[in-house]
Amino acid sequence: MGSDCPYGACDGTGMIVDVEANTTYRCRCWPQRVARKRSRRLAREIPRRFQNLSFEREPIPSIARTAPDVVRAVRRYCDRIDEMLDRGIGMWFLGSSGTGKSHLAYLVSQQALAAGRSVAIYTGPELLNAIRRTYDEEEPGATQELLDRLTTVELLQIEDLAVARPNDWVLEQLYNVINGRYANERAIVFTCDLTGDDPDGTPTPDRLARHISRRNFSRLMEICGDPHVLMGPDNRIVAPREHDALV
Ligand SMILES: Nc1ncnc2c1ncn2[C@@H]1O[C@H](COP(=O)(O)OP(=O)(O)O)[C@@H](O)[C@H]1O
Ligand SMILES: [Mg+2]
């Protein structure tokens, strides 16, 4: 059967013709096909730095040395990516800056894309800007159309979700996206580097809850479960030493 069907069941059209019963019905891949089509206008580019990630290639093995449990959890998630996305189960990475959160989040998105799933990738500010821009479009319903796409794409990755100074408008837009995905049982993978108020700077989920409001936070928790915490020195600052050695 068609190679374009992930289940090898239809000819790539999403429909199966049952000649004997003289009828057609939707293939198992139909919902994925619809989601992919609707996601076409969403941002889904993996930036150059985060392309071709693999568990075997740096910096993932280094991250696995500093945070073995987190990388093990990512591997388990990636091994069952279809099931996770079908069940709308996500992941979140919380911790200080330069500890590998984005690399792990992009690794998940990359696995989803490789599995033929629709993925959208935004930073927190980009997501809000994309919504804001629809207000200027002539087309009536542009905002709703974008929200529909954002809430049905099979995986939404949000980088640095804890945007600066969230006002009421921002919180409402976050709610529309997060609650929409929650209602549709769609997965979210996000990173967040809010560190706590306590002197040692340990990131606390509570800090995010206060920042993005309880109703957004509780839905995210239900989609993503407990945070995967990455702490330690900022490897972006450590890295320049290697940079100096090269030039
Ligand atoms: N545990 C680690 N060991 C070595 N290098 C790391 C580690 N974590 C991150 N890096 C490096 O630090 C930089 C920042 O990684 P990134 O995933 O963008 O961090 P974050 O999203 O947590 O700020 C990258 O250059 C990456 O290669
Ligand atoms: Mg990051």
# chains A, B, ... in the order shown; residues from 1 in each chain; ligands from 1
>>> residues_near_ligand(ligand="ligand 1", cutoff="6 Å", atoms="only C-alpha atoms and all ligand atoms", output="PyMOL selection string")
chain A and resi 59+62-63+66+97-103+235-236
>>> write_last_selection(atoms="C-alpha atoms", output="mmCIF file, in the first residue's frame")
data_model
loop_
_atom_site.group_PDB
_atom_site.id
_atom_site.type_symbol
_atom_site.label_atom_id
_atom_site.label_comp_id
_atom_site.auth_asym_id
_atom_site.auth_seq_id
_atom_site.Cartn_x
_atom_site.Cartn_y
_atom_site.Cartn_z
ATOM 1 C CA PRO A 59 25.753 18.189 23.613
ATOM 2 C CA SER A 62 27.063 15.878 28.126
ATOM 3 C CA ILE A 63 23.573 16.820 29.232
ATOM 4 C CA THR A 66 24.786 16.203 34.248
ATOM 5 C CA SER A 97 19.996 29.208 31.734
ATOM 6 C CA GLY A 98 22.408 27.204 29.547
ATOM 7 C CA THR A 99 21.686 23.760 30.979
ATOM 8 C CA GLY A 100 20.348 22.081 27.829
ATOM 9 C CA LYS A 101 16.606 22.665 28.122
ATOM 10 C CA SER A 102 16.188 23.860 24.546
ATOM 11 C CA HIS A 103 18.308 21.069 23.100
ATOM 12 C CA ASN A 235 27.257 26.215 29.615
ATOM 13 C CA ARG A 236 27.054 29.127 27.207
#
>>> select_by_dssp(residues="segment 36-110 of chain A", states="helix (DSSP H, G or I)", output="number ranges by chain")
A: 36-41, 48-50, 60-66, 68-79, 81-86, 101-110
>>> residues_near_ligand(ligand="ligand 2", cutoff="12 Å", atoms="only C-alpha atoms and all ligand atoms", output="JSON, numbers by chain")
{"A": [49, 50, 92, 93, 94, 95, 96, 97, 98, 99, 100, 101, 102, 103, 104, 105, 106, 122, 123, 124, 157, 158, 159, 160, 161, 162, 190, 191, 192, 193, 194, 230, 234, 235, 236]}
>>> closest_residue(among="A:Ala130, A:Ala9, A:Ile81, A:Ile223", to="Gly116 of chain A", atoms="only C-alpha atoms")
A:Ile81
>>> closest_residue(among="A:Val229, A:Val163, A:Leu246, A:Ile178", to="Glu126 of chain A", atoms="only C-alpha atoms")
A:Val163
>>> atom_distance(atom1="atom CA of Ile188 of chain A", atom2="atom CA of Leu156 of chain A")
4.9 Å
>>> closest_residue(among="A:Asp69, A:Asp4, A:Glu154, A:Asp18", to="Val34 of chain A", atoms="only C-alpha atoms")
A:Glu154
>>> closest_residue(among="A:Ala245, A:Ala183, A:Leu171, A:Met91", to="Ala209 of chain A", atoms="only C-alpha atoms")
A:Leu171
>>> atom_distance(atom1="atom CA of Ala187 of chain A", atom2="atom CA of Glu172 of chain A")
19.4 Å
>>> select_by_dssp(residues="segment 35-161 of chain A", states="strand (DSSP E)", output="list of chain:residue names")
A:Met91, A:Trp92, A:Phe93, A:Leu94, A:Gly95, A:Val119, A:Ala120, A:Ile121, A:Tyr122, A:Thr123, A:Leu155, A:Leu156, A:Gln157, A:Ile158, A:Glu159
>>> write_last_selection(atoms="N, CA and C atoms", output="PDB file, in the first residue's frame")
ATOM      1  N   MET A  91       5.813  17.512  27.802  1.00  0.00           N
ATOM      2  CA  MET A  91       6.966  17.524  28.709  1.00  0.00           C
ATOM      3  C   MET A  91       7.343  18.962  28.965  1.00  0.00           C
ATOM      4  N   TRP A  92       7.897  19.236  30.150  1.00  0.00           N
ATOM      5  CA  TRP A  92       8.467  20.578  30.316  1.00  0.00           C
ATOM      6  C   TRP A  92       9.782  20.543  31.048  1.00  0.00           C
ATOM      7  N   PHE A  93      10.624  21.488  30.615  1.00  0.00           N
ATOM      8  CA  PHE A  93      11.979  21.575  31.132  1.00  0.00           C
ATOM      9  C   PHE A  93      12.127  22.901  31.859  1.00  0.00           C
ATOM     10  N   LEU A  94      12.467  22.786  33.125  1.00  0.00           N
ATOM     11  CA  LEU A  94      12.558  23.950  33.982  1.00  0.00           C
ATOM     12  C   LEU A  94      13.970  24.024  34.546  1.00  0.00           C
ATOM     13  N   GLY A  95      14.554  25.199  34.540  1.00  0.00           N
ATOM     14  CA  GLY A  95      15.880  25.277  35.142  1.00  0.00           C
ATOM     15  C   GLY A  95      16.605  26.537  34.766  1.00  0.00           C
ATOM     16  N   VAL A 119       4.086  19.713  13.731  1.00  0.00           N
ATOM     17  CA  VAL A 119       4.743  20.374  14.865  1.00  0.00           C
ATOM     18  C   VAL A 119       4.760  21.883  14.616  1.00  0.00           C
ATOM     19  N   ALA A 120       4.545  22.660  15.647  1.00  0.00           N
ATOM     20  CA  ALA A 120       4.722  24.115  15.558  1.00  0.00           C
ATOM     21  C   ALA A 120       5.684  24.532  16.663  1.00  0.00           C
ATOM     22  N   ILE A 121       6.591  25.444  16.323  1.00  0.00           N
ATOM     23  CA  ILE A 121       7.625  25.844  17.272  1.00  0.00           C
ATOM     24  C   ILE A 121       7.653  27.365  17.385  1.00  0.00           C
ATOM     25  N   TYR A 122       7.481  27.866  18.590  1.00  0.00           N
ATOM     26  CA  TYR A 122       7.500  29.314  18.835  1.00  0.00           C
ATOM     27  C   TYR A 122       8.238  29.608  20.128  1.00  0.00           C
ATOM     28  N   THR A 123       8.848  30.782  20.193  1.00  0.00           N
ATOM     29  CA  THR A 123       9.231  31.276  21.515  1.00  0.00           C
ATOM     30  C   THR A 123       7.967  31.931  22.090  1.00  0.00           C
ATOM     31  N   LEU A 155       1.918  18.713  17.924  1.00  0.00           N
ATOM     32  CA  LEU A 155       2.851  19.082  19.004  1.00  0.00           C
ATOM     33  C   LEU A 155       3.146  20.574  18.910  1.00  0.00           C
ATOM     34  N   LEU A 156       3.023  21.260  20.012  1.00  0.00           N
ATOM     35  CA  LEU A 156       3.401  22.676  20.074  1.00  0.00           C
ATOM     36  C   LEU A 156       4.588  22.796  21.021  1.00  0.00           C
ATOM     37  N   GLN A 157       5.694  23.330  20.484  1.00  0.00           N
ATOM     38  CA  GLN A 157       6.866  23.584  21.332  1.00  0.00           C
ATOM     39  C   GLN A 157       6.915  25.074  21.631  1.00  0.00           C
ATOM     40  N   ILE A 158       6.987  25.426  22.889  1.00  0.00           N
ATOM     41  CA  ILE A 158       7.124  26.837  23.262  1.00  0.00           C
ATOM     42  C   ILE A 158       8.439  27.006  24.015  1.00  0.00           C
ATOM     43  N   GLU A 159       9.312  27.802  23.422  1.00  0.00           N
ATOM     44  CA  GLU A 159      10.602  28.102  24.027  1.00  0.00           C
ATOM     45  C   GLU A 159      10.460  29.299  24.944  1.00  0.00           C
TER      46      GLU A 159
END
>>> residues_around(residues="Arg186 of chain A", least_positions_apart="2", cutoff="6 Å", atoms="only C-alpha atoms", output="list in words")
Gly88, Glu154, Arg181 and Asn184 of chain A
>>> closest_residue(among="A:Ala142, A:Ile46, A:Leu147, A:Val170", to="Gln111 of chain A", atoms="only C-alpha atoms")
A:Ile46
>>> atom_distance(atom1="atom CA of Asn167 of chain A", atom2="atom CA of Ile212 of chain A")
9.3 Å
>>> closest_residue(among="A:Arg219, A:Arg165, A:Arg149, A:Arg33", to="Tyr182 of chain A", atoms="only C-alpha atoms")
A:Arg219
